[in-house]
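Here is entry.cif, consisting of mmCIF, C-alpha atoms:
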data_structure
#
loop_
_atom_site.label_atom_id
_atom_site.label_comp_id
_atom_site.auth_asym_id
_atom_site.auth_seq_id
_atom_site.Cartn_x
_atom_site.Cartn_y
_atom_site.Cartn_z
CA MET A 49 -16.33 11.04 -8.62
CA LYS A 50 -17.73 7.52 -8.19
CA ASP A 51 -16.80 5.39 -11.25
CA SER A 52 -16.00 8.51 -13.29
CA CYS A 53 -12.33 7.55 -13.71
CA ALA A 54 -10.37 4.34 -14.16
CA VAL A 55 -6.86 2.96 -14.01
CA VAL A 56 -6.08 2.04 -17.61
CA GLY A 57 -2.35 1.30 -17.45
CA ILE A 58 0.08 -0.23 -14.97
CA GLY A 59 3.85 -0.57 -15.13
CA GLN A 60 6.78 -1.46 -12.94
CA THR A 61 10.47 -2.21 -12.83
CA ALA A 62 12.09 -5.31 -11.43
CA TYR A 63 12.52 -5.49 -7.67
CA GLY A 64 15.91 -5.78 -6.02
CA LYS A 65 18.38 -4.55 -3.46
CA GLY A 66 21.02 -2.08 -4.54
CA LEU A 67 19.71 -1.70 -8.10
CA PRO A 68 22.13 0.43 -10.16
CA ASP A 69 19.45 2.80 -11.47
CA THR A 70 18.66 6.08 -9.75
CA GLU A 71 15.22 6.71 -8.26
CA LEU A 72 14.53 9.09 -11.16
CA SER A 73 15.47 6.45 -13.71
CA LEU A 74 13.30 3.84 -11.98
CA ALA A 75 10.37 6.26 -11.90
CA CYS A 76 10.69 7.04 -15.60
CA GLN A 77 10.89 3.36 -16.50
CA ALA A 78 7.74 2.46 -14.55
CA ILE A 79 5.77 5.43 -15.86
CA SER A 80 6.78 4.71 -19.45
CA ALA A 81 5.73 1.07 -19.04
CA ALA A 82 2.34 2.11 -17.62
CA ILE A 83 1.72 4.53 -20.50
CA ASP A 84 2.58 1.78 -23.00
CA ASP A 85 0.27 -0.63 -21.17
CA ALA A 86 -2.55 1.91 -21.51
CA GLY A 87 -2.03 2.22 -25.24
CA LEU A 88 -1.32 5.95 -24.93
CA ARG A 89 1.54 8.29 -25.82
CA PRO A 90 3.59 10.13 -23.22
CA SER A 91 2.35 13.43 -24.64
CA ASP A 92 -1.22 12.39 -23.71
CA VAL A 93 -0.37 12.72 -20.00
CA ASP A 94 -1.08 16.13 -18.48
CA GLY A 95 -1.39 15.29 -14.78
CA ILE A 96 1.03 14.03 -12.12
CA ALA A 97 0.52 12.82 -8.54
CA MET A 98 3.47 11.55 -6.54
CA PHE A 99 4.79 10.84 -3.05
CA SER A 100 6.33 13.87 -1.36
CA MET A 101 9.33 11.68 -0.50
CA GLU A 102 10.43 12.03 -4.14
CA ASP A 103 11.27 15.66 -3.59
CA GLY A 104 10.77 17.97 -6.58
CA ARG A 105 10.72 15.28 -9.24
CA GLU A 106 7.76 16.48 -11.34
CA VAL A 107 9.80 18.53 -13.80
CA ASP A 108 12.45 15.84 -14.29
CA VAL A 109 9.87 13.11 -14.86
CA ALA A 110 7.80 15.20 -17.27
CA ARG A 111 10.85 16.12 -19.32
CA ASN A 112 12.52 12.70 -19.38
CA VAL A 113 9.38 10.68 -20.12
CA GLY A 114 8.17 13.25 -22.68
CA LEU A 115 4.85 14.11 -21.03
CA GLY A 116 2.56 16.80 -22.39
CA ASP A 117 1.85 20.20 -20.84
CA ILE A 118 1.23 19.42 -17.16
CA THR A 119 -1.93 21.16 -15.93
CA TYR A 120 -2.19 19.37 -12.57
CA PHE A 121 0.47 18.16 -10.14
CA SER A 122 0.37 17.20 -6.46
CA GLU A 123 2.39 15.46 -3.77
CA VAL A 124 1.06 13.38 -0.87
CA GLY A 125 3.06 12.90 2.30
CA PHE A 126 3.57 10.30 5.03
CA GLY A 127 5.25 7.52 3.08
CA GLY A 128 3.14 4.40 3.24
CA GLY A 129 -0.02 6.45 3.78
CA ALA A 130 0.24 8.03 0.33
CA GLY A 131 -0.19 5.04 -1.99
CA CYS A 132 -3.94 5.28 -2.47
CA GLY A 133 -3.75 9.03 -1.88
CA VAL A 134 -1.88 9.75 -5.11
CA VAL A 135 -4.31 7.52 -7.04
CA GLY A 136 -7.34 9.28 -5.58
CA GLN A 137 -5.94 12.76 -6.07
CA ALA A 138 -5.06 12.01 -9.68
CA ALA A 139 -8.60 10.72 -10.20
CA MET A 140 -10.10 13.84 -8.63
CA ALA A 141 -8.03 15.98 -11.00
CA VAL A 142 -9.33 14.05 -14.01
CA ALA A 143 -12.91 14.07 -12.72
CA THR A 144 -12.88 17.85 -12.19
CA GLY A 145 -11.23 18.67 -15.52
CA GLN A 146 -7.88 19.80 -14.14
CA CYS A 147 -6.26 17.29 -16.50
CA THR A 148 -7.38 14.56 -18.90
CA THR A 149 -4.89 11.78 -18.15
CA ALA A 150 -2.71 11.46 -15.07
CA VAL A 151 0.09 9.25 -13.81
CA ALA A 152 0.75 8.31 -10.18
CA TRP A 153 3.80 6.39 -9.04
CA ARG A 154 6.35 5.51 -6.38
CA ALA A 155 10.06 4.94 -6.97
CA ARG A 156 12.26 3.83 -4.10
CA LYS A 157 15.94 3.13 -3.38
CA ARG A 158 15.59 1.92 0.21
CA ALA A 159 18.64 -0.31 0.07
CA SER A 160 20.79 2.79 0.47
CA LYS A 161 22.49 2.92 3.89
CA THR A 162 21.63 6.63 4.09
CA SER A 163 17.96 5.65 4.49
CA ARG A 164 18.57 3.86 7.79
CA PRO A 165 17.42 5.47 11.06
CA TRP A 166 20.93 5.65 12.48
CA ALA A 167 22.00 7.67 9.42
CA GLN A 168 19.34 10.31 10.17
CA VAL A 169 19.86 11.00 13.85
CA SER A 170 19.55 14.78 13.58
CA ASP A 171 16.16 14.41 11.86
CA ARG A 172 14.88 11.95 14.44
CA VAL A 173 15.46 13.83 17.67
CA ALA A 174 13.38 16.90 16.82
CA GLY A 175 9.75 17.63 17.59
CA HIS A 176 7.73 14.98 19.44
CA GLN A 177 10.35 12.36 18.57
CA GLN A 178 12.80 13.85 21.08
CA TRP A 179 10.66 12.33 23.85
CA SER A 180 10.73 8.75 22.55
CA ARG A 181 13.90 8.21 20.49
CA PRO A 182 16.35 8.54 23.41
CA PHE A 183 14.77 5.63 25.33
CA GLY A 184 14.99 3.28 22.36
CA VAL A 185 11.87 3.73 20.24
CA LEU A 186 14.09 4.44 17.27
CA ARG A 187 12.62 2.59 14.28
CA PRO A 188 9.10 2.18 12.93
CA VAL A 189 9.25 -1.47 14.00
CA ASP A 190 9.81 -0.38 17.61
CA GLU A 191 6.74 1.86 17.48
CA ILE A 192 4.54 -0.86 16.00
CA ALA A 193 5.92 -3.37 18.52
CA MET A 194 4.50 -1.20 21.32
CA LEU A 195 1.06 -1.13 19.68
CA THR A 196 1.27 -4.89 19.12
CA ARG A 197 2.02 -5.54 22.77
CA ARG A 198 -1.01 -3.47 23.72
CA ALA A 199 -3.21 -5.45 21.29
CA MET A 200 -1.91 -8.69 22.79
CA HIS A 201 -2.70 -7.47 26.29
CA GLN A 202 -6.06 -5.87 25.50
CA TYR A 203 -7.52 -8.18 22.85
CA GLY A 204 -5.55 -11.41 23.00
CA TYR A 205 -3.59 -11.12 19.76
CA THR A 206 -1.00 -13.92 19.68
CA ARG A 207 2.12 -14.75 17.73
CA ASP A 208 0.12 -17.44 15.96
CA HIS A 209 -2.18 -14.73 14.62
CA LEU A 210 0.82 -12.81 13.33
CA ALA A 211 2.21 -16.02 11.84
CA ASN A 212 -1.11 -16.53 10.02
CA VAL A 213 -0.47 -13.23 8.25
CA ALA A 214 3.15 -13.91 7.34
CA LEU A 215 2.46 -17.46 6.11
CA ALA A 216 -0.53 -16.46 3.97
CA PHE A 217 1.40 -13.73 2.20
CA ARG A 218 4.44 -15.94 1.68
CA LYS A 219 2.22 -18.61 0.06
CA HIS A 220 0.88 -15.97 -2.32
CA ALA A 221 4.41 -14.82 -3.16
CA ASN A 222 5.46 -18.41 -3.84
CA ARG A 223 2.96 -18.38 -6.73
CA ASN A 224 4.04 -14.94 -7.97
CA PRO A 225 7.08 -15.15 -10.30
CA ILE A 226 8.07 -11.51 -9.79
CA ALA A 227 7.93 -11.62 -5.98
CA THR A 228 11.17 -11.22 -4.07
CA MET A 229 10.25 -14.27 -1.98
CA HIS A 230 8.93 -16.34 -4.90
CA ALA A 231 11.37 -19.21 -4.27
CA LYS A 232 11.52 -19.00 -0.47
CA GLU A 233 8.87 -20.99 1.36
CA LEU A 234 8.10 -20.30 5.00
CA THR A 235 6.83 -22.69 7.69
CA ARG A 236 5.25 -21.90 11.04
CA GLU A 237 8.24 -23.50 12.75
CA GLN A 238 10.62 -21.18 10.89
CA TYR A 239 8.47 -18.22 11.85
CA MET A 240 8.45 -19.15 15.55
CA ASP A 241 12.21 -19.75 15.60
CA ALA A 242 13.11 -16.50 13.84
CA ARG A 243 15.22 -13.86 15.57
CA TRP A 244 13.58 -10.88 17.22
CA ILE A 245 13.66 -7.52 15.48
CA SER A 246 11.68 -5.69 18.15
CA GLU A 247 9.91 -8.07 20.50
CA PRO A 248 7.17 -9.29 20.02
CA LEU A 249 7.92 -8.79 16.30
CA CYS A 250 10.35 -11.21 14.66
CA LEU A 251 12.14 -11.15 11.32
CA PHE A 252 9.10 -12.42 9.39
CA ASP A 253 6.76 -9.78 10.82
CA ASN A 254 8.58 -7.11 8.81
CA CYS A 255 8.34 -5.88 5.25
CA LEU A 256 11.16 -6.19 2.73
CA GLU A 257 13.71 -3.49 1.98
CA THR A 258 13.27 -3.09 -1.76
CA ASP A 259 14.44 -0.97 -4.67
CA GLY A 260 12.00 -0.54 -7.54
CA ALA A 261 9.23 1.58 -9.02
CA LEU A 262 5.58 1.16 -9.98
CA ALA A 263 3.11 3.44 -11.77
CA VAL A 264 -0.50 3.69 -12.88
CA VAL A 265 -2.26 5.73 -15.57
CA ILE A 266 -5.69 7.22 -14.81
CA THR A 267 -8.16 8.72 -17.25
CA SER A 268 -11.90 9.26 -17.61
CA ALA A 269 -14.31 6.34 -17.73
CA ASP A 270 -15.48 7.46 -21.18
CA ARG A 271 -11.97 7.38 -22.58
CA ALA A 272 -11.11 4.16 -20.75
CA ARG A 273 -13.70 2.22 -22.74
CA ASP A 274 -11.72 2.80 -25.94
CA LEU A 275 -8.35 1.68 -24.55
CA PRO A 276 -6.92 -1.84 -24.75
CA GLN A 277 -6.90 -2.87 -21.07
CA PRO A 278 -9.98 -3.71 -18.97
CA PRO A 279 -10.57 -0.57 -16.88
CA ALA A 280 -10.36 -0.72 -13.10
CA TYR A 281 -12.92 1.92 -12.15
CA ILE A 282 -12.14 4.05 -9.11
CA HIS A 283 -15.39 3.51 -7.26
CA SER A 284 -14.62 5.05 -3.87
CA PHE A 285 -11.70 6.94 -2.35
CA ALA A 286 -10.92 8.41 1.07
CA GLN A 287 -8.08 9.91 3.11
CA SER A 288 -7.86 10.58 6.84
CA ILE A 289 -5.85 12.12 9.65
CA PRO A 290 -7.92 11.21 12.71
CA GLN A 291 -8.42 13.54 15.65
CA GLN A 292 -5.47 13.80 18.05
CA HIS A 293 -3.38 11.49 15.86
CA GLN A 294 0.35 11.01 16.34
CA VAL A 295 2.27 9.23 13.59
CA MET A 296 2.89 5.53 14.30
CA THR A 297 2.71 5.58 18.10
CA ASN A 298 -0.68 7.31 18.60
CA TYR A 299 0.33 8.20 22.16
CA PHE A 300 -1.97 11.18 22.60
CA CYS A 301 -5.40 9.89 21.67
CA GLU A 302 -7.78 8.08 24.00
CA ASP A 303 -7.39 4.75 22.21
CA PRO A 304 -4.03 4.07 20.49
CA LEU A 305 -5.45 1.01 18.70
CA THR A 306 -8.07 3.08 16.87
CA GLY A 307 -5.77 4.12 14.06
CA PRO A 308 -6.35 6.12 10.86
CA ALA A 309 -8.15 3.18 9.21
CA TRP A 310 -11.29 3.88 11.24
CA ALA A 311 -11.82 7.44 10.03
CA CYS A 312 -10.79 6.55 6.49
CA ALA A 313 -13.16 3.58 6.38
CA ARG A 314 -16.20 5.59 7.44
CA LEU A 315 -15.85 7.90 4.45
CA LEU A 316 -14.84 5.12 2.04
CA TRP A 317 -17.95 3.03 2.75
CA GLU A 318 -20.26 6.06 2.84
CA ARG A 319 -19.26 6.77 -0.77
CA SER A 320 -19.49 3.16 -1.92
CA ASP A 321 -22.21 0.90 -3.29
CA PHE A 322 -20.20 -1.97 -1.75
CA GLN A 323 -19.75 -2.69 1.95
CA PRO A 324 -17.12 -4.84 3.69
CA ALA A 325 -19.21 -8.00 3.38
CA ASP A 326 -19.28 -7.49 -0.41
CA VAL A 327 -15.49 -7.30 -0.83
CA PRO A 328 -14.01 -10.58 -2.16
CA VAL A 329 -10.32 -9.59 -2.11
CA ALA A 330 -8.22 -7.00 -0.29
CA GLN A 331 -4.74 -5.53 -0.46
CA LEU A 332 -4.08 -4.26 3.08
CA TYR A 333 -0.96 -2.28 3.87
CA ASP A 334 1.52 -4.64 5.53
CA ALA A 335 4.72 -2.92 6.53
CA PHE A 336 4.35 -5.10 9.66
CA SER A 337 2.13 -8.11 10.25
CA PRO A 338 0.05 -6.67 13.16
CA LEU A 339 -1.19 -3.90 10.86
CA ILE A 340 -3.32 -6.53 9.11
CA PRO A 341 -5.60 -7.47 12.06
CA LEU A 342 -5.77 -3.80 13.05
CA SER A 343 -6.83 -2.91 9.48
CA LEU A 344 -9.35 -5.76 9.35
CA GLU A 345 -11.02 -4.19 12.37
CA GLY A 346 -10.71 -0.61 11.14
CA TYR A 347 -12.20 -1.32 7.70
CA GLY A 348 -15.09 -3.29 9.17
CA PHE A 349 -14.30 -6.88 8.22
CA CYS A 350 -14.68 -7.94 11.85
CA GLY A 351 -15.56 -6.46 15.21
CA ARG A 352 -13.32 -4.50 17.54
CA GLY A 353 -10.65 -6.75 19.02
CA GLU A 354 -11.47 -9.62 16.63
CA GLY A 355 -8.74 -8.97 14.06
CA GLY A 356 -6.39 -11.60 15.43
CA GLU A 357 -8.96 -14.38 15.43
CA PHE A 358 -10.16 -13.35 11.96
CA THR A 359 -6.83 -14.57 10.54
CA ASP A 360 -7.36 -18.15 11.78
CA ASP A 361 -8.26 -21.12 9.57
CA GLY A 362 -6.57 -19.71 6.47
CA ALA A 363 -8.97 -16.74 6.26
CA LEU A 364 -6.42 -14.59 4.37
CA GLU A 365 -5.27 -17.29 1.96
CA TRP A 366 -6.12 -17.80 -1.68
CA PRO A 367 -8.18 -19.54 -2.98
CA HIS A 368 -10.39 -20.71 -0.11
CA GLY A 369 -10.04 -18.00 2.54
CA ARG A 370 -13.01 -15.79 3.32
CA LEU A 371 -10.92 -12.70 2.43
CA PRO A 372 -7.84 -13.47 0.30
CA THR A 373 -5.46 -10.67 1.20
CA ASN A 374 -2.27 -9.33 -0.39
CA THR A 375 -2.53 -11.81 -3.21
CA SER A 376 0.80 -10.85 -4.77
CA GLY A 377 2.66 -11.35 -1.48
CA GLY A 378 2.37 -7.75 -0.30
CA GLY A 379 5.08 -5.72 1.35
CA MET A 380 6.17 -8.67 3.47
CA SER A 381 6.82 -11.17 0.67
CA GLU A 382 6.53 -9.53 -2.77
CA ALA A 383 8.29 -6.20 -2.27
CA TYR A 384 8.02 -3.09 -0.15
CA VAL A 385 7.65 0.02 -2.28
CA HIS A 386 5.63 1.99 0.26
CA GLY A 387 2.54 -0.03 -0.58
CA PHE A 388 2.29 0.92 -4.25
CA ASN A 389 2.61 -2.70 -5.36
CA LEU A 390 -0.69 -3.23 -3.52
CA VAL A 391 -2.31 -0.71 -5.87
CA LEU A 392 -1.12 -2.62 -8.94
CA GLU A 393 -2.29 -5.93 -7.48
CA GLY A 394 -5.68 -4.39 -6.77
CA VAL A 395 -5.92 -3.46 -10.45
CA ARG A 396 -4.80 -6.94 -11.55
CA GLN A 397 -7.59 -8.52 -9.53
CA ILE A 398 -10.09 -6.40 -11.49
CA ARG A 399 -8.39 -7.25 -14.79
CA GLY A 400 -8.29 -10.96 -13.96
CA THR A 401 -4.49 -11.21 -14.22
CA SER A 402 -3.36 -11.75 -10.63
CA PRO A 403 -1.05 -14.71 -9.88
CA ASN A 404 -3.66 -15.63 -7.23
CA GLN A 405 -6.79 -14.54 -9.02
CA VAL A 406 -10.07 -14.38 -7.10
CA ALA A 407 -12.77 -15.59 -9.49
CA ASP A 408 -15.16 -12.91 -10.75
CA ALA A 409 -13.95 -10.26 -8.30
CA ALA A 410 -16.49 -7.45 -8.66
CA CYS A 411 -14.41 -5.10 -6.52
CA SER A 412 -10.98 -4.94 -4.91
CA LEU A 413 -10.00 -2.93 -1.83
CA VAL A 414 -6.56 -1.35 -1.45
CA THR A 415 -5.45 0.44 1.72
CA SER A 416 -2.41 2.49 2.62
CA GLY A 417 -0.42 2.79 5.82
CA GLU A 418 -2.13 2.09 9.13
CA GLY A 419 -0.45 4.15 11.83
CA VAL A 420 0.11 7.20 9.61
CA PRO A 421 -2.20 9.67 7.84
CA THR A 422 -3.69 7.25 5.36
CA SER A 423 -5.85 6.62 2.30
CA ALA A 424 -7.85 3.84 0.66
CA VAL A 425 -9.37 3.13 -2.73
CA LEU A 426 -11.99 0.64 -3.88
CA PHE A 427 -11.65 -0.52 -7.49
CA ARG A 428 -14.52 -2.13 -9.35
CA ARG A 429 -15.06 -3.89 -12.66
#

Encoded form using structure tokens:
Amino acid sequence: MKDSCAVVGIGQTAYGKGLPDTELSLACQAISAAIDDAGLRPSDVDGIAMFSMEDGREVDVARNVGLGDITYFSEVGFGGGAGCGVVGQAAMAVATGQCTTAVAWRARKRASKTSRPWAQVSDRVAGHQQWSRPFGVLRPVDEIAMLTRRAMHQYGYTRDHLANVALAFRKHANRNPIATMHAKELTREQYMDARWISEPLCLFDNCLETDGALAVVITSADRARDLPQPPAYIHSFAQSIPQQHQVMTNYFCEDPLTGPAWACARLLWERSDFQPADVPVAQLYDAFSPLIPLSLEGYGFCGRGEGGEFTDDGALEWPHGRLPTNTSGGGMSEAYVHGFNLVLEGVRQIRGTSPNQVADAACSLVTSGEGVPTSAVLFRR
């Protein structure tokens, strides 16, 4: 399906905490905006791909937005791992003729207290979790903190490396008017003085709890050429659940620091005319700062164990870094909508409309959650 489909429309709601709209309303708003951006009518859409966390929403979205007869629909699981997955599955449906135009989206009301771990105790002490939750590994941040400590011990990751990530993304957000942290600058001193959330991860190593919705419209490359927006062609796509994987903690495999990125990357680059050295800008899933150096290693931007050092000397910063990353601010400083804002920023880099635009970006990498069954997509001009 290389270059056979393109993202032709993007749309989103405002970001916030405790927005009054329901998740369904937010989803419909973002999808409608994306369809308008594409210069299409709702009735032109006949395919849907969505996160499984929005349980059973296909019928409600199709009816409320006024979509056409839906001939393809799918759901992708594992939260942050699904962002590129829904884009790729929608593109596969278009490429194989299951539908002609598809929408993919994520709507989220995470500010709700019912979403907190301590409000879901019965769900979190079943299965393999019963062996880790009781001794305090309760939240995703606790699980990633354990992996971070191992990376510090094994490869010399430091808090300065993690600060490099947080500071780069905050600088990008400070130039992005729609970012949650647009007006809030961050210094290295503030980072180092911040309170612990789960040591060695502090407040600024974590993503933002955000309400909002984002959507994309995907159609064939032939049709895209006649639409108003510059197409972002879907050049390469991959998903992976690596062998002997366990979500987040990776306890049971030989090397816990070889996460899903490694298997996903092998397939992504096999299908691509571009290789890591050719990529001028990346949107790497950043629910937590240490996922960035781990992803840099997994996707081949540096060698094994070199992800921490890669972040030095402003490497992730726009405009002069060797790999400007999360140029809208990402999940840590723009908004956290399970990584779907990274997809839209990847498209903006191809369109030339990013708030931190990389000049003449021929391609743009977007990845989904590291630590969970994941996905990645490479857009090209």

Practice prompt. Take the PyMOL selection byres ((chain A and resi 127) around 12), apply it to the structure above, and return the hits as a PyMOL selection string.
Written response: chain A and resi 98-102+123-126+128-134+154-156+188+295-296+333+335+384-388+416-423

Discussion item. Selection in question (the file shown): the PyMOL selection byres ((chain A and resi 376) around 6). Which residues does it include, as a list in words?
Written reply: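 When the PyMOL selection byres ((chain A and resi 376) around 6) is applied, the selected residues are His220, Ala221, Asn374, Thr375, Gly377 and Gly378 of chain A.
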
Item to complete: Skip A:Ala216 itself and residues of its chain fewer than 6 positions away, then list as a PyMOL selection string all residues within 9 Å of it, counting all atoms listed in the file.
Response: chain A and resi 362-366+372-375+377

Item to complete: Between A:Thr415, A:Thr149, A:Ser268, A:Ser381, single out the one closest to A:Met229, counting all atoms listed in the file.
Response: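 For A:Met229, the nearest of the given residues is A:Ser381.
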
Worksheet item: For A:His201, which residue among A:Leu186, A:Pro279, A:Gln178, A:Gly353 is the nearest when counting all atoms listed in the file?
Response: A:Gly353

Working from the structure I just supplied, which lacks atoms in stretch 307-336 of chain A, can you model N, CA and C atoms there and output them as a compact mmCIF listing (two decimals), keeping the file's coordinate frame?
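part_32.txt, written as the output of this step:
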# COMPACT_ATOMS: atom_id res chain seq x y z
N GLY A 307 -6.66 3.40 14.94
CA GLY A 307 -5.77 4.12 14.06
C GLY A 307 -6.50 4.82 12.93
N PRO A 308 -5.76 5.37 11.98
CA PRO A 308 -6.35 6.12 10.86
C PRO A 308 -7.34 5.32 10.01
N ALA A 309 -7.24 3.99 10.01
CA ALA A 309 -8.15 3.18 9.21
C ALA A 309 -9.61 3.47 9.55
N TRP A 310 -9.89 3.72 10.82
CA TRP A 310 -11.29 3.88 11.24
C TRP A 310 -11.94 5.10 10.60
N ALA A 311 -11.26 6.23 10.64
CA ALA A 311 -11.82 7.44 10.03
C ALA A 311 -11.87 7.32 8.52
N CYS A 312 -10.83 6.73 7.94
CA CYS A 312 -10.79 6.55 6.49
C CYS A 312 -11.92 5.63 6.03
N ALA A 313 -12.15 4.56 6.77
CA ALA A 313 -13.16 3.58 6.38
C ALA A 313 -14.55 4.17 6.39
N ARG A 314 -14.85 5.01 7.38
CA ARG A 314 -16.20 5.59 7.44
C ARG A 314 -16.54 6.33 6.16
N LEU A 315 -15.60 7.13 5.67
CA LEU A 315 -15.85 7.90 4.45
C LEU A 315 -15.84 7.00 3.22
N LEU A 316 -14.93 6.03 3.19
CA LEU A 316 -14.84 5.12 2.04
C LEU A 316 -16.16 4.38 1.82
N TRP A 317 -16.72 3.81 2.89
CA TRP A 317 -17.95 3.03 2.75
C TRP A 317 -19.17 3.92 2.56
N GLU A 318 -19.16 5.13 3.10
CA GLU A 318 -20.26 6.06 2.84
C GLU A 318 -20.39 6.38 1.36
N ARG A 319 -19.27 6.40 0.65
CA ARG A 319 -19.26 6.77 -0.77
C ARG A 319 -19.42 5.57 -1.69
N SER A 320 -19.57 4.39 -1.13
CA SER A 320 -19.49 3.16 -1.92
C SER A 320 -20.82 2.44 -2.01
N ASP A 321 -21.07 1.82 -3.16
CA ASP A 321 -22.21 0.90 -3.29
C ASP A 321 -21.90 -0.45 -2.66
N PHE A 322 -20.63 -0.73 -2.40
CA PHE A 322 -20.20 -1.97 -1.75
C PHE A 322 -19.96 -1.70 -0.27
N GLN A 323 -20.08 -2.74 0.54
CA GLN A 323 -19.75 -2.69 1.95
C GLN A 323 -18.76 -3.81 2.24
N PRO A 324 -18.15 -3.83 3.43
CA PRO A 324 -17.12 -4.84 3.69
C PRO A 324 -17.54 -6.27 3.36
N ALA A 325 -18.76 -6.63 3.65
CA ALA A 325 -19.21 -8.00 3.38
C ALA A 325 -19.25 -8.32 1.89
N ASP A 326 -19.23 -7.29 1.04
CA ASP A 326 -19.28 -7.49 -0.41
C ASP A 326 -17.90 -7.63 -1.03
N VAL A 327 -16.85 -7.35 -0.27
CA VAL A 327 -15.49 -7.30 -0.83
C VAL A 327 -14.90 -8.71 -0.87
N PRO A 328 -14.52 -9.21 -2.06
CA PRO A 328 -14.01 -10.58 -2.16
C PRO A 328 -12.50 -10.69 -2.04
N VAL A 329 -11.78 -9.55 -2.14
CA VAL A 329 -10.32 -9.59 -2.11
C VAL A 329 -9.81 -8.23 -1.65
N ALA A 330 -8.74 -8.24 -0.84
CA ALA A 330 -8.22 -7.00 -0.29
C ALA A 330 -6.70 -6.98 -0.35
N GLN A 331 -6.18 -5.78 -0.53
CA GLN A 331 -4.74 -5.53 -0.46
C GLN A 331 -4.54 -4.54 0.69
N LEU A 332 -4.18 -5.05 1.86
CA LEU A 332 -4.08 -4.26 3.08
C LEU A 332 -2.61 -3.96 3.38
N TYR A 333 -2.34 -2.73 3.67
CA TYR A 333 -0.96 -2.28 3.87
C TYR A 333 -0.28 -3.10 4.96
N ASP A 334 0.88 -3.65 4.64
CA ASP A 334 1.52 -4.64 5.53
C ASP A 334 2.99 -4.36 5.73
N ALA A 335 3.32 -3.15 6.15
CA ALA A 335 4.72 -2.92 6.53
C ALA A 335 5.12 -3.84 7.68
N PHE A 336 4.14 -4.18 8.54
CA PHE A 336 4.35 -5.10 9.66
C PHE A 336 3.09 -5.94 9.82
